[in-house]
Each structure stands twice: as structure tokens, then as C-alpha cells.
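Visitor: Here you go, this is start_8.cif (mmCIF, N, CA and C atoms).
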```
data_final
#
loop_
_atom_site.label_atom_id
_atom_site.label_comp_id
_atom_site.auth_asym_id
_atom_site.auth_seq_id
_atom_site.Cartn_x
_atom_site.Cartn_y
_atom_site.Cartn_z
N MET B 10 60.45 147.76 76.63
CA MET B 10 61.01 147.01 75.52
C MET B 10 59.96 146.88 74.42
N ASP B 11 60.32 147.28 73.20
CA ASP B 11 59.39 147.18 72.08
C ASP B 11 59.23 145.73 71.66
N GLU B 12 57.99 145.37 71.32
CA GLU B 12 57.75 144.02 70.84
C GLU B 12 58.01 143.96 69.35
N MET B 13 58.58 142.86 68.93
CA MET B 13 58.83 142.64 67.50
C MET B 13 57.49 142.27 66.87
N PRO B 14 57.18 142.80 65.69
CA PRO B 14 55.94 142.41 65.02
C PRO B 14 55.89 140.89 64.85
N ARG B 15 54.70 140.35 65.03
CA ARG B 15 54.52 138.89 64.98
C ARG B 15 55.10 138.27 63.71
N ASP B 16 54.90 138.90 62.56
CA ASP B 16 55.37 138.30 61.32
C ASP B 16 56.88 138.41 61.11
N HIS B 17 57.58 139.04 62.05
CA HIS B 17 59.03 139.14 61.95
C HIS B 17 59.74 138.28 63.00
N ARG B 18 58.98 137.60 63.81
CA ARG B 18 59.59 136.72 64.82
C ARG B 18 60.07 135.45 64.14
N PRO B 19 61.21 134.94 64.59
CA PRO B 19 61.66 133.68 64.00
C PRO B 19 60.69 132.56 64.36
N GLY B 20 60.40 131.68 63.40
CA GLY B 20 59.52 130.56 63.66
C GLY B 20 60.22 129.51 64.51
N ARG B 21 59.44 128.67 65.12
CA ARG B 21 59.99 127.60 65.94
C ARG B 21 60.63 126.56 65.03
N SER B 22 61.79 126.08 65.42
CA SER B 22 62.48 125.05 64.64
C SER B 22 61.72 123.74 64.72
N VAL B 23 61.78 122.99 63.63
CA VAL B 23 61.22 121.65 63.60
C VAL B 23 62.15 120.76 64.43
N ARG B 24 61.58 120.08 65.40
CA ARG B 24 62.34 119.21 66.31
C ARG B 24 62.46 117.82 65.69
N VAL B 25 63.70 117.38 65.48
CA VAL B 25 63.96 116.11 64.78
C VAL B 25 64.67 115.14 65.71
N LEU B 26 64.22 113.89 65.69
CA LEU B 26 64.87 112.79 66.42
C LEU B 26 65.48 111.85 65.39
N LEU B 27 66.70 111.41 65.63
CA LEU B 27 67.37 110.44 64.75
C LEU B 27 67.52 109.11 65.47
N ALA B 28 67.05 108.05 64.85
CA ALA B 28 67.20 106.72 65.44
C ALA B 28 67.47 105.74 64.31
N PRO B 29 68.63 105.20 64.16
CA PRO B 29 69.74 105.32 65.10
C PRO B 29 70.46 106.66 64.93
N GLY B 30 71.15 107.03 65.98
CA GLY B 30 71.90 108.27 65.94
C GLY B 30 72.95 108.24 64.84
N ASP B 31 73.11 109.35 64.19
CA ASP B 31 74.08 109.47 63.10
C ASP B 31 74.66 110.86 63.21
N GLY B 32 75.86 110.95 63.78
CA GLY B 32 76.47 112.24 64.04
C GLY B 32 76.61 113.10 62.81
N ALA B 33 77.02 112.53 61.70
CA ALA B 33 77.20 113.31 60.47
C ALA B 33 75.86 113.85 59.98
N LEU B 34 74.83 113.01 59.98
CA LEU B 34 73.52 113.45 59.54
C LEU B 34 72.96 114.50 60.50
N ALA B 35 73.20 114.32 61.79
CA ALA B 35 72.74 115.30 62.77
C ALA B 35 73.36 116.67 62.52
N VAL B 36 74.64 116.68 62.23
CA VAL B 36 75.32 117.96 61.94
C VAL B 36 74.75 118.60 60.68
N LEU B 37 74.58 117.80 59.62
CA LEU B 37 74.06 118.32 58.37
C LEU B 37 72.64 118.87 58.53
N LEU B 38 71.79 118.13 59.24
CA LEU B 38 70.42 118.60 59.46
C LEU B 38 70.41 119.84 60.36
N GLY B 39 71.29 119.86 61.35
CA GLY B 39 71.38 121.00 62.25
C GLY B 39 71.79 122.28 61.55
N MET B 40 72.44 122.16 60.41
CA MET B 40 72.85 123.33 59.63
C MET B 40 71.72 123.86 58.75
N GLU B 41 70.67 123.06 58.60
CA GLU B 41 69.54 123.48 57.78
C GLU B 41 68.68 124.48 58.57
N PRO B 42 68.32 125.61 57.95
CA PRO B 42 67.48 126.59 58.63
C PRO B 42 66.14 125.97 59.03
N GLY B 43 65.73 126.21 60.25
CA GLY B 43 64.43 125.75 60.71
C GLY B 43 64.39 124.33 61.23
N LEU B 44 65.54 123.64 61.27
CA LEU B 44 65.58 122.28 61.82
C LEU B 44 66.48 122.24 63.03
N SER B 45 66.09 121.44 64.01
CA SER B 45 66.90 121.25 65.21
C SER B 45 66.87 119.78 65.60
N VAL B 46 68.03 119.14 65.61
CA VAL B 46 68.09 117.74 66.03
C VAL B 46 68.08 117.73 67.56
N VAL B 47 66.98 117.23 68.14
CA VAL B 47 66.80 117.29 69.59
C VAL B 47 67.22 116.01 70.29
N ALA B 48 67.39 114.92 69.55
CA ALA B 48 67.81 113.66 70.17
C ALA B 48 68.33 112.71 69.11
N GLN B 49 69.28 111.87 69.55
CA GLN B 49 69.79 110.78 68.73
C GLN B 49 69.74 109.53 69.61
N VAL B 50 69.18 108.48 69.08
CA VAL B 50 69.02 107.25 69.84
C VAL B 50 69.99 106.21 69.31
N GLY B 51 70.86 105.73 70.17
CA GLY B 51 71.81 104.70 69.79
C GLY B 51 71.26 103.32 70.07
N GLY B 52 71.98 102.32 69.58
CA GLY B 52 71.58 100.94 69.82
C GLY B 52 71.44 100.65 71.31
N GLY B 53 70.39 99.99 71.67
CA GLY B 53 70.17 99.63 73.07
C GLY B 53 69.46 100.69 73.89
N GLU B 54 69.35 101.91 73.36
CA GLU B 54 68.62 102.95 74.09
C GLU B 54 67.12 102.76 73.90
N ASP B 55 66.36 103.30 74.85
CA ASP B 55 64.91 103.21 74.83
C ASP B 55 64.34 104.28 73.90
N LEU B 56 64.01 103.91 72.68
CA LEU B 56 63.50 104.85 71.69
C LEU B 56 62.26 105.58 72.20
N GLN B 57 61.32 104.83 72.74
CA GLN B 57 60.09 105.45 73.20
C GLN B 57 60.35 106.43 74.34
N GLY B 58 61.20 106.07 75.29
CA GLY B 58 61.52 106.95 76.40
C GLY B 58 62.19 108.23 75.95
N VAL B 59 63.15 108.10 75.06
CA VAL B 59 63.85 109.28 74.53
C VAL B 59 62.86 110.17 73.78
N ALA B 60 62.00 109.57 72.98
CA ALA B 60 61.03 110.34 72.21
C ALA B 60 60.06 111.10 73.11
N VAL B 61 59.61 110.48 74.17
CA VAL B 61 58.69 111.15 75.09
C VAL B 61 59.37 112.37 75.70
N LEU B 62 60.64 112.24 76.08
CA LEU B 62 61.37 113.35 76.68
C LEU B 62 61.72 114.44 75.67
N ALA B 63 62.06 114.05 74.44
CA ALA B 63 62.53 115.00 73.43
C ALA B 63 61.39 115.73 72.72
N CYS B 64 60.21 115.14 72.70
CA CYS B 64 59.04 115.73 72.02
C CYS B 64 59.35 116.13 70.57
N PRO B 65 59.81 115.20 69.74
CA PRO B 65 60.13 115.55 68.35
C PRO B 65 58.87 115.79 67.52
N ASP B 66 59.02 116.64 66.53
CA ASP B 66 57.95 116.83 65.54
C ASP B 66 58.03 115.74 64.48
N VAL B 67 59.28 115.38 64.15
CA VAL B 67 59.54 114.36 63.13
C VAL B 67 60.66 113.46 63.62
N ALA B 68 60.50 112.17 63.40
CA ALA B 68 61.56 111.22 63.73
C ALA B 68 62.02 110.54 62.44
N LEU B 69 63.32 110.35 62.33
CA LEU B 69 63.91 109.64 61.20
C LEU B 69 64.41 108.32 61.75
N VAL B 70 63.85 107.22 61.29
CA VAL B 70 64.18 105.89 61.81
C VAL B 70 64.61 104.98 60.68
N ASP B 71 65.23 103.84 61.05
CA ASP B 71 65.68 102.95 59.99
C ASP B 71 64.94 101.63 59.93
N ASP B 72 63.85 101.50 60.70
CA ASP B 72 63.10 100.25 60.61
C ASP B 72 61.62 100.48 60.88
N VAL B 73 60.80 99.62 60.33
CA VAL B 73 59.35 99.74 60.42
C VAL B 73 58.87 99.56 61.86
N GLY B 74 59.53 98.72 62.64
CA GLY B 74 59.14 98.52 64.03
C GLY B 74 59.21 99.81 64.84
N SER B 75 60.15 100.67 64.51
CA SER B 75 60.27 101.95 65.20
C SER B 75 59.09 102.86 64.91
N VAL B 76 58.50 102.72 63.73
CA VAL B 76 57.33 103.54 63.38
C VAL B 76 56.21 103.24 64.36
N ARG B 77 55.97 101.97 64.58
CA ARG B 77 54.89 101.57 65.50
C ARG B 77 55.20 102.00 66.94
N ALA B 78 56.44 101.84 67.36
CA ALA B 78 56.84 102.21 68.72
C ALA B 78 56.64 103.71 68.95
N LEU B 79 57.01 104.51 67.98
CA LEU B 79 56.85 105.96 68.11
C LEU B 79 55.39 106.37 68.06
N ALA B 80 54.59 105.69 67.27
CA ALA B 80 53.16 106.00 67.20
C ALA B 80 52.50 105.80 68.56
N GLU B 81 52.97 104.81 69.30
CA GLU B 81 52.44 104.56 70.65
C GLU B 81 52.93 105.60 71.65
N ALA B 82 54.21 105.94 71.57
CA ALA B 82 54.82 106.82 72.56
C ALA B 82 54.50 108.30 72.33
N VAL B 83 54.60 108.75 71.09
CA VAL B 83 54.37 110.15 70.76
C VAL B 83 53.54 110.23 69.47
N PRO B 84 52.23 110.03 69.59
CA PRO B 84 51.38 109.95 68.40
C PRO B 84 51.39 111.20 67.53
N GLU B 85 51.74 112.34 68.09
CA GLU B 85 51.78 113.58 67.29
C GLU B 85 53.04 113.69 66.45
N CYS B 86 54.01 112.82 66.66
CA CYS B 86 55.27 112.84 65.92
C CYS B 86 55.07 112.15 64.57
N ARG B 87 55.53 112.79 63.51
CA ARG B 87 55.50 112.19 62.18
C ARG B 87 56.80 111.42 61.99
N VAL B 88 56.74 110.27 61.35
CA VAL B 88 57.91 109.40 61.22
C VAL B 88 58.24 109.15 59.76
N LEU B 89 59.53 109.34 59.43
CA LEU B 89 60.04 109.01 58.12
C LEU B 89 61.04 107.86 58.27
N VAL B 90 60.94 106.88 57.41
CA VAL B 90 61.86 105.75 57.43
C VAL B 90 63.02 106.07 56.51
N LEU B 91 64.24 105.92 57.02
CA LEU B 91 65.45 106.11 56.24
C LEU B 91 65.84 104.77 55.63
N ALA B 92 65.94 104.71 54.33
CA ALA B 92 66.29 103.47 53.64
C ALA B 92 67.67 103.60 53.00
N THR B 93 68.40 102.51 52.99
CA THR B 93 69.71 102.51 52.33
C THR B 93 69.59 102.04 50.88
N SER B 94 68.50 101.32 50.60
CA SER B 94 68.28 100.83 49.24
C SER B 94 66.79 100.49 49.08
N ALA B 95 66.40 100.17 47.88
CA ALA B 95 65.02 99.81 47.59
C ALA B 95 64.82 98.32 47.89
N ARG B 96 64.38 98.03 49.10
CA ARG B 96 64.09 96.64 49.48
C ARG B 96 62.64 96.33 49.14
N PRO B 97 62.37 95.17 48.56
CA PRO B 97 60.99 94.83 48.22
C PRO B 97 60.08 94.89 49.45
N GLY B 98 58.97 95.57 49.30
CA GLY B 98 57.98 95.63 50.37
C GLY B 98 58.23 96.69 51.44
N LEU B 99 59.40 97.34 51.42
CA LEU B 99 59.71 98.31 52.48
C LEU B 99 58.73 99.49 52.48
N VAL B 100 58.51 100.07 51.32
CA VAL B 100 57.64 101.25 51.26
C VAL B 100 56.24 100.90 51.73
N SER B 101 55.67 99.82 51.21
CA SER B 101 54.31 99.46 51.61
C SER B 101 54.23 99.11 53.09
N ALA B 102 55.23 98.42 53.62
CA ALA B 102 55.22 98.07 55.05
C ALA B 102 55.34 99.32 55.92
N ALA B 103 56.20 100.24 55.52
CA ALA B 103 56.39 101.48 56.29
C ALA B 103 55.11 102.31 56.30
N LEU B 104 54.50 102.47 55.14
CA LEU B 104 53.27 103.26 55.07
C LEU B 104 52.13 102.59 55.82
N ALA B 105 52.06 101.26 55.75
CA ALA B 105 51.03 100.52 56.48
C ALA B 105 51.21 100.67 57.99
N ALA B 106 52.45 100.83 58.44
CA ALA B 106 52.73 100.99 59.86
C ALA B 106 52.44 102.41 60.34
N GLY B 107 52.20 103.33 59.39
CA GLY B 107 51.89 104.69 59.77
C GLY B 107 52.98 105.71 59.49
N ALA B 108 54.02 105.31 58.78
CA ALA B 108 55.09 106.25 58.44
C ALA B 108 54.56 107.33 57.49
N ALA B 109 55.16 108.51 57.60
CA ALA B 109 54.80 109.62 56.72
C ALA B 109 55.54 109.52 55.40
N GLY B 110 56.47 108.58 55.31
CA GLY B 110 57.20 108.41 54.07
C GLY B 110 58.45 107.60 54.25
N VAL B 111 59.13 107.37 53.13
CA VAL B 111 60.38 106.63 53.10
C VAL B 111 61.34 107.43 52.22
N VAL B 112 62.51 107.71 52.77
CA VAL B 112 63.50 108.52 52.06
C VAL B 112 64.86 107.83 52.11
N LEU B 113 65.73 108.19 51.17
CA LEU B 113 67.07 107.62 51.14
C LEU B 113 67.94 108.21 52.24
N ARG B 114 68.59 107.34 52.99
CA ARG B 114 69.48 107.78 54.07
C ARG B 114 70.61 108.64 53.51
N ASP B 115 71.16 108.26 52.38
CA ASP B 115 72.31 108.96 51.82
C ASP B 115 71.93 109.94 50.72
N GLY B 116 70.66 110.29 50.65
CA GLY B 116 70.21 111.25 49.64
C GLY B 116 70.65 112.67 50.00
N PRO B 117 70.43 113.60 49.10
CA PRO B 117 70.80 114.99 49.36
C PRO B 117 70.04 115.55 50.57
N VAL B 118 70.74 116.28 51.42
CA VAL B 118 70.13 116.84 52.63
C VAL B 118 68.95 117.75 52.28
N PRO B 119 69.01 118.57 51.23
CA PRO B 119 67.83 119.38 50.90
C PRO B 119 66.59 118.54 50.61
N ASP B 120 66.78 117.37 50.00
CA ASP B 120 65.65 116.48 49.74
C ASP B 120 65.07 115.95 51.05
N LEU B 121 65.94 115.62 51.98
CA LEU B 121 65.50 115.14 53.29
C LEU B 121 64.77 116.25 54.04
N THR B 122 65.30 117.45 53.96
CA THR B 122 64.66 118.59 54.61
C THR B 122 63.26 118.83 54.03
N THR B 123 63.15 118.72 52.72
CA THR B 123 61.83 118.87 52.08
C THR B 123 60.88 117.79 52.56
N ALA B 124 61.37 116.56 52.66
CA ALA B 124 60.53 115.45 53.13
C ALA B 124 60.06 115.70 54.57
N ILE B 125 60.94 116.23 55.41
CA ILE B 125 60.57 116.54 56.80
C ILE B 125 59.45 117.57 56.82
N HIS B 126 59.58 118.62 56.05
CA HIS B 126 58.55 119.66 56.02
C HIS B 126 57.24 119.13 55.43
N ARG B 127 57.33 118.29 54.43
CA ARG B 127 56.11 117.69 53.86
C ARG B 127 55.41 116.79 54.87
N ALA B 128 56.20 116.05 55.62
CA ALA B 128 55.62 115.17 56.64
C ALA B 128 54.81 115.99 57.65
N LEU B 129 55.33 117.15 58.00
CA LEU B 129 54.63 118.00 58.97
C LEU B 129 53.29 118.51 58.45
N THR B 130 53.17 118.63 57.14
CA THR B 130 51.91 119.11 56.57
C THR B 130 50.95 117.96 56.26
N GLY B 131 51.37 116.74 56.60
CA GLY B 131 50.50 115.59 56.38
C GLY B 131 50.70 114.89 55.05
N GLU B 132 51.66 115.35 54.27
CA GLU B 132 51.92 114.71 52.98
C GLU B 132 52.71 113.42 53.17
N THR B 133 52.51 112.49 52.27
CA THR B 133 53.30 111.27 52.25
C THR B 133 54.41 111.47 51.23
N THR B 134 55.64 111.14 51.64
CA THR B 134 56.79 111.33 50.76
C THR B 134 57.53 110.01 50.59
N VAL B 135 57.72 109.63 49.33
CA VAL B 135 58.50 108.44 49.01
C VAL B 135 59.53 108.86 47.97
N ASP B 136 60.80 108.65 48.29
CA ASP B 136 61.86 109.01 47.35
C ASP B 136 61.63 108.24 46.05
N PRO B 137 61.68 108.94 44.89
CA PRO B 137 61.44 108.28 43.61
C PRO B 137 62.34 107.06 43.38
N ALA B 138 63.54 107.05 43.93
CA ALA B 138 64.46 105.92 43.74
C ALA B 138 63.94 104.68 44.48
N LEU B 139 63.01 104.86 45.41
CA LEU B 139 62.49 103.74 46.19
C LEU B 139 61.13 103.26 45.70
N SER B 140 60.55 104.01 44.77
CA SER B 140 59.23 103.64 44.25
C SER B 140 59.38 102.51 43.26
N PRO B 141 58.43 101.58 43.28
CA PRO B 141 58.50 100.51 42.28
C PRO B 141 58.31 101.08 40.89
N PRO B 142 58.93 100.47 39.88
CA PRO B 142 58.78 100.98 38.51
C PRO B 142 57.32 100.88 38.07
N ALA B 143 56.92 101.80 37.22
CA ALA B 143 55.55 101.80 36.70
C ALA B 143 55.35 100.58 35.80
N GLY B 144 54.13 100.13 35.77
CA GLY B 144 53.79 98.96 34.95
C GLY B 144 53.91 99.26 33.46
N PRO B 145 53.78 98.23 32.61
CA PRO B 145 53.94 98.41 31.16
C PRO B 145 52.91 99.30 30.54
#
```
Taking this structure as input, can you express it in the form of C-alpha cells?

Guide:
Amino acid sequence: MDEMPRDHRPGRSVRVLLAPGDGALAVLLGMEPGLSVVAQVGGGEDLQGVAVLACPDVALVDDVGSVRALAEAVPECRVLVLATSARPGLVSAALAAGAAGVVLRDGPVPDLTTAIHRALTGETTVDPALSPPAGP
């Protein structure tokens, strides 16, 4: 059997965990090239236990407490906080907890995909709609 040249092999998909689970978002992300939703955590499930088993590269969570929990369970996983709106202090609290960024839950999927890839490279991503307005 001939080996495929290394530069023509498909790359490994980015493993994504969703907490809380969101079936629609999981389907949309699963349709993005290079992404694979490996786990969804529902209310009452053990986030840390699921994360250890799923080995995600990036986790999308909806609260700052989950950032800390994932940092303990799977320190190599980058975490993005999904926000529904610009709550005062959310961005600073998320970043202080170790999140790789804060993105809009209902934002365009390509923007979320870009944020996931940026998180993997060590970049911090904050959706412009969530950034505080610039001073005078």
C-alpha cells in the first residue's frame, strides 16, 4: 500500500466540548471543516469527568466557574466563554480565570470557528460586541 505524502494527509480535527450541551450549536460546529464536537455536557453532569474522558482541545462554556474546573481537570484544554450579552465584568472575570476568550453564543458560526482556532494558537479572543467602549 502506497503511503500518502505527509502534506496531503488530512489534519486532525479540533476536538470541541460544549457545556452546556446545545444540539443546534453542536450540529453547526460539526459541519465546520476541521472541527469535531466530542462531548456535550448537560445540567447535572460532571463537567470535569466528561472533559477528562473526551480530551477536548477547546471547551465552550457559559460560566466562569467552568473555566476554573476545566483548568484543573484538563489543563491543556483552552476554554472560551459563551456569552449571551455584554454583562459588566464578564470579560475581565473570564480572562482572570484563565479563559482564552469570550465570544457571543448566538454570533456567526464562522466567527466562533475563528475564535476556536485562535484559542489553539494561544491568542485571546473577545468579541467586539462584548468589549467595553473606548474611553473619551

Visitor: So the first atom is atom CA of B:Ala95 and the second is atom CA of B:Leu139; what is the distance between them in Å, to one decimal place?

Guide: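 Computing it gives 4.9 Å between the two atoms.
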
Visitor: Any chance you could resolve the PyMOL selection byres ((chain B and resi 89) around 6.5) against this file and give the residues as a ChimeraX atom specification?

Guide: /B:67-71,87-88,90-91,108-112

Visitor: So how far away is atom C of B:Arg24 from atom N of B:Ala103, in Å?

Guide: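 Distance reported for this atom pair: 21.3 Å.
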
Visitor: Which residue is closest to B:Asp55? Choose from B:Gly98, B:Arg127, B:Leu113, B:Leu79 and count only C-alpha atoms.

Guide: B:Leu79

Visitor: Can you tell me, as AutoDock Vina command-line options, the centre and edge lengths (Å, one decimal) of the axis-aligned box enclosing all of stretch 39-47 of chain B's listed atoms after padding each side by 4 Å?

Guide:
```
--center_x 68.6 --center_y 121.3 --center_z 64.0 --size_x 16.5 --size_y 18.6 --size_z 20.5
```

Visitor: So which residues of stretch 111-143 of chain B fall under alpha helix (DSSP H) by DSSP, listed as a PyMOL selection string?

Guide: chain B and resi 118-129

Visitor: Using DSSP assignments from the backbone, pull out every residue in chain B that falls under strand (DSSP E) and give it to me as a PyMOL selection string.

Guide: chain B and resi 23-28+44-49+67-70+87-92+110-113+134-135

Visitor: Return as a short mmCIF file (atom, residue, chain, number, x, y, z; two decimals) with N, CA and C atoms, keeping the file's coordinate frame the set of residues that the PyMOL selection byres (((chain B and resi 121-124 and name CA) around 10) and name CA) yields on the displayed structure.

Guide:
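See selection_11.cif below for the written result:
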```cif
data_model
loop_
_atom_site.label_atom_id
_atom_site.label_comp_id
_atom_site.auth_asym_id
_atom_site.auth_seq_id
_atom_site.Cartn_x
_atom_site.Cartn_y
_atom_site.Cartn_z
N LEU B 38 71.79 118.13 59.24
CA LEU B 38 70.42 118.60 59.46
C LEU B 38 70.41 119.84 60.36
N GLU B 41 70.67 123.06 58.60
CA GLU B 41 69.54 123.48 57.78
C GLU B 41 68.68 124.48 58.57
N PRO B 42 68.32 125.61 57.95
CA PRO B 42 67.48 126.59 58.63
C PRO B 42 66.14 125.97 59.03
N GLY B 43 65.73 126.21 60.25
CA GLY B 43 64.43 125.75 60.71
C GLY B 43 64.39 124.33 61.23
N LEU B 44 65.54 123.64 61.27
CA LEU B 44 65.58 122.28 61.82
C LEU B 44 66.48 122.24 63.03
N LEU B 69 63.32 110.35 62.33
CA LEU B 69 63.91 109.64 61.20
C LEU B 69 64.41 108.32 61.75
N LEU B 89 59.53 109.34 59.43
CA LEU B 89 60.04 109.01 58.12
C LEU B 89 61.04 107.86 58.27
N LEU B 91 64.24 105.92 57.02
CA LEU B 91 65.45 106.11 56.24
C LEU B 91 65.84 104.77 55.63
N ALA B 109 55.16 108.51 57.60
CA ALA B 109 54.80 109.62 56.72
C ALA B 109 55.54 109.52 55.40
N GLY B 110 56.47 108.58 55.31
CA GLY B 110 57.20 108.41 54.07
C GLY B 110 58.45 107.60 54.25
N VAL B 111 59.13 107.37 53.13
CA VAL B 111 60.38 106.63 53.10
C VAL B 111 61.34 107.43 52.22
N VAL B 112 62.51 107.71 52.77
CA VAL B 112 63.50 108.52 52.06
C VAL B 112 64.86 107.83 52.11
N LEU B 113 65.73 108.19 51.17
CA LEU B 113 67.07 107.62 51.14
C LEU B 113 67.94 108.21 52.24
N ARG B 114 68.59 107.34 52.99
CA ARG B 114 69.48 107.78 54.07
C ARG B 114 70.61 108.64 53.51
N ASP B 115 71.16 108.26 52.38
CA ASP B 115 72.31 108.96 51.82
C ASP B 115 71.93 109.94 50.72
N GLY B 116 70.66 110.29 50.65
CA GLY B 116 70.21 111.25 49.64
C GLY B 116 70.65 112.67 50.00
N PRO B 117 70.43 113.60 49.10
CA PRO B 117 70.80 114.99 49.36
C PRO B 117 70.04 115.55 50.57
N VAL B 118 70.74 116.28 51.42
CA VAL B 118 70.13 116.84 52.63
C VAL B 118 68.95 117.75 52.28
N PRO B 119 69.01 118.57 51.23
CA PRO B 119 67.83 119.38 50.90
C PRO B 119 66.59 118.54 50.61
N ASP B 120 66.78 117.37 50.00
CA ASP B 120 65.65 116.48 49.74
C ASP B 120 65.07 115.95 51.05
N ILE B 125 60.94 116.23 55.41
CA ILE B 125 60.57 116.54 56.80
C ILE B 125 59.45 117.57 56.82
N HIS B 126 59.58 118.62 56.05
CA HIS B 126 58.55 119.66 56.02
C HIS B 126 57.24 119.13 55.43
N ARG B 127 57.33 118.29 54.43
CA ARG B 127 56.11 117.69 53.86
C ARG B 127 55.41 116.79 54.87
N ALA B 128 56.20 116.05 55.62
CA ALA B 128 55.62 115.17 56.64
C ALA B 128 54.81 115.99 57.65
N LEU B 129 55.33 117.15 58.00
CA LEU B 129 54.63 118.00 58.97
C LEU B 129 53.29 118.51 58.45
N THR B 130 53.17 118.63 57.14
CA THR B 130 51.91 119.11 56.57
C THR B 130 50.95 117.96 56.26
N GLU B 132 51.66 115.35 54.27
CA GLU B 132 51.92 114.71 52.98
C GLU B 132 52.71 113.42 53.17
N THR B 133 52.51 112.49 52.27
CA THR B 133 53.30 111.27 52.25
C THR B 133 54.41 111.47 51.23
N THR B 134 55.64 111.14 51.64
CA THR B 134 56.79 111.33 50.76
C THR B 134 57.53 110.01 50.59
N VAL B 135 57.72 109.63 49.33
CA VAL B 135 58.50 108.44 49.01
C VAL B 135 59.53 108.86 47.97
N ASP B 136 60.80 108.65 48.29
CA ASP B 136 61.86 109.01 47.35
C ASP B 136 61.63 108.24 46.05
#
```

Visitor: Quick one: which residues end up in the PyMOL selection byres (((chain B and resi 60 and name CA) around 12) and name CA) for this structure, as a PyMOL selection string?

Guide: chain B and resi 24-28+46-50+54-59+61-70+75-76+78-88

Visitor: Using N, CA and C atoms, can you write the selected residues to a file as a short mmCIF file (atom, residue, chain, number, x, y, z; two decimals), in the frame of the given file?

Guide:
```cif
data_model
loop_
_atom_site.label_atom_id
_atom_site.label_comp_id
_atom_site.auth_asym_id
_atom_site.auth_seq_id
_atom_site.Cartn_x
_atom_site.Cartn_y
_atom_site.Cartn_z
N ARG B 24 61.58 120.08 65.40
CA ARG B 24 62.34 119.21 66.31
C ARG B 24 62.46 117.82 65.69
N VAL B 25 63.70 117.38 65.48
CA VAL B 25 63.96 116.11 64.78
C VAL B 25 64.67 115.14 65.71
N LEU B 26 64.22 113.89 65.69
CA LEU B 26 64.87 112.79 66.42
C LEU B 26 65.48 111.85 65.39
N LEU B 27 66.70 111.41 65.63
CA LEU B 27 67.37 110.44 64.75
C LEU B 27 67.52 109.11 65.47
N ALA B 28 67.05 108.05 64.85
CA ALA B 28 67.20 106.72 65.44
C ALA B 28 67.47 105.74 64.31
N VAL B 46 68.03 119.14 65.61
CA VAL B 46 68.09 117.74 66.03
C VAL B 46 68.08 117.73 67.56
N VAL B 47 66.98 117.23 68.14
CA VAL B 47 66.80 117.29 69.59
C VAL B 47 67.22 116.01 70.29
N ALA B 48 67.39 114.92 69.55
CA ALA B 48 67.81 113.66 70.17
C ALA B 48 68.33 112.71 69.11
N GLN B 49 69.28 111.87 69.55
CA GLN B 49 69.79 110.78 68.73
C GLN B 49 69.74 109.53 69.61
N VAL B 50 69.18 108.48 69.08
CA VAL B 50 69.02 107.25 69.84
C VAL B 50 69.99 106.21 69.31
N GLU B 54 69.35 101.91 73.36
CA GLU B 54 68.62 102.95 74.09
C GLU B 54 67.12 102.76 73.90
N ASP B 55 66.36 103.30 74.85
CA ASP B 55 64.91 103.21 74.83
C ASP B 55 64.34 104.28 73.90
N LEU B 56 64.01 103.91 72.68
CA LEU B 56 63.50 104.85 71.69
C LEU B 56 62.26 105.58 72.20
N GLN B 57 61.32 104.83 72.74
CA GLN B 57 60.09 105.45 73.20
C GLN B 57 60.35 106.43 74.34
N GLY B 58 61.20 106.07 75.29
CA GLY B 58 61.52 106.95 76.40
C GLY B 58 62.19 108.23 75.95
N VAL B 59 63.15 108.10 75.06
CA VAL B 59 63.85 109.28 74.53
C VAL B 59 62.86 110.17 73.78
N VAL B 61 59.61 110.48 74.17
CA VAL B 61 58.69 111.15 75.09
C VAL B 61 59.37 112.37 75.70
N LEU B 62 60.64 112.24 76.08
CA LEU B 62 61.37 113.35 76.68
C LEU B 62 61.72 114.44 75.67
N ALA B 63 62.06 114.05 74.44
CA ALA B 63 62.53 115.00 73.43
C ALA B 63 61.39 115.73 72.72
N CYS B 64 60.21 115.14 72.70
CA CYS B 64 59.04 115.73 72.02
C CYS B 64 59.35 116.13 70.57
N PRO B 65 59.81 115.20 69.74
CA PRO B 65 60.13 115.55 68.35
C PRO B 65 58.87 115.79 67.52
N ASP B 66 59.02 116.64 66.53
CA ASP B 66 57.95 116.83 65.54
C ASP B 66 58.03 115.74 64.48
N VAL B 67 59.28 115.38 64.15
CA VAL B 67 59.54 114.36 63.13
C VAL B 67 60.66 113.46 63.62
N ALA B 68 60.50 112.17 63.40
CA ALA B 68 61.56 111.22 63.73
C ALA B 68 62.02 110.54 62.44
N LEU B 69 63.32 110.35 62.33
CA LEU B 69 63.91 109.64 61.20
C LEU B 69 64.41 108.32 61.75
N VAL B 70 63.85 107.22 61.29
CA VAL B 70 64.18 105.89 61.81
C VAL B 70 64.61 104.98 60.68
N SER B 75 60.15 100.67 64.51
CA SER B 75 60.27 101.95 65.20
C SER B 75 59.09 102.86 64.91
N VAL B 76 58.50 102.72 63.73
CA VAL B 76 57.33 103.54 63.38
C VAL B 76 56.21 103.24 64.36
N ALA B 78 56.44 101.84 67.36
CA ALA B 78 56.84 102.21 68.72
C ALA B 78 56.64 103.71 68.95
N LEU B 79 57.01 104.51 67.98
CA LEU B 79 56.85 105.96 68.11
C LEU B 79 55.39 106.37 68.06
N ALA B 80 54.59 105.69 67.27
CA ALA B 80 53.16 106.00 67.20
C ALA B 80 52.50 105.80 68.56
N GLU B 81 52.97 104.81 69.30
CA GLU B 81 52.44 104.56 70.65
C GLU B 81 52.93 105.60 71.65
N ALA B 82 54.21 105.94 71.57
CA ALA B 82 54.82 106.82 72.56
C ALA B 82 54.50 108.30 72.33
N VAL B 83 54.60 108.75 71.09
CA VAL B 83 54.37 110.15 70.76
C VAL B 83 53.54 110.23 69.47
N PRO B 84 52.23 110.03 69.59
CA PRO B 84 51.38 109.95 68.40
C PRO B 84 51.39 111.20 67.53
N GLU B 85 51.74 112.34 68.09
CA GLU B 85 51.78 113.58 67.29
C GLU B 85 53.04 113.69 66.45
N CYS B 86 54.01 112.82 66.66
CA CYS B 86 55.27 112.84 65.92
C CYS B 86 55.07 112.15 64.57
N ARG B 87 55.53 112.79 63.51
CA ARG B 87 55.50 112.19 62.18
C ARG B 87 56.80 111.42 61.99
N VAL B 88 56.74 110.27 61.35
CA VAL B 88 57.91 109.40 61.22
C VAL B 88 58.24 109.15 59.76
#
```
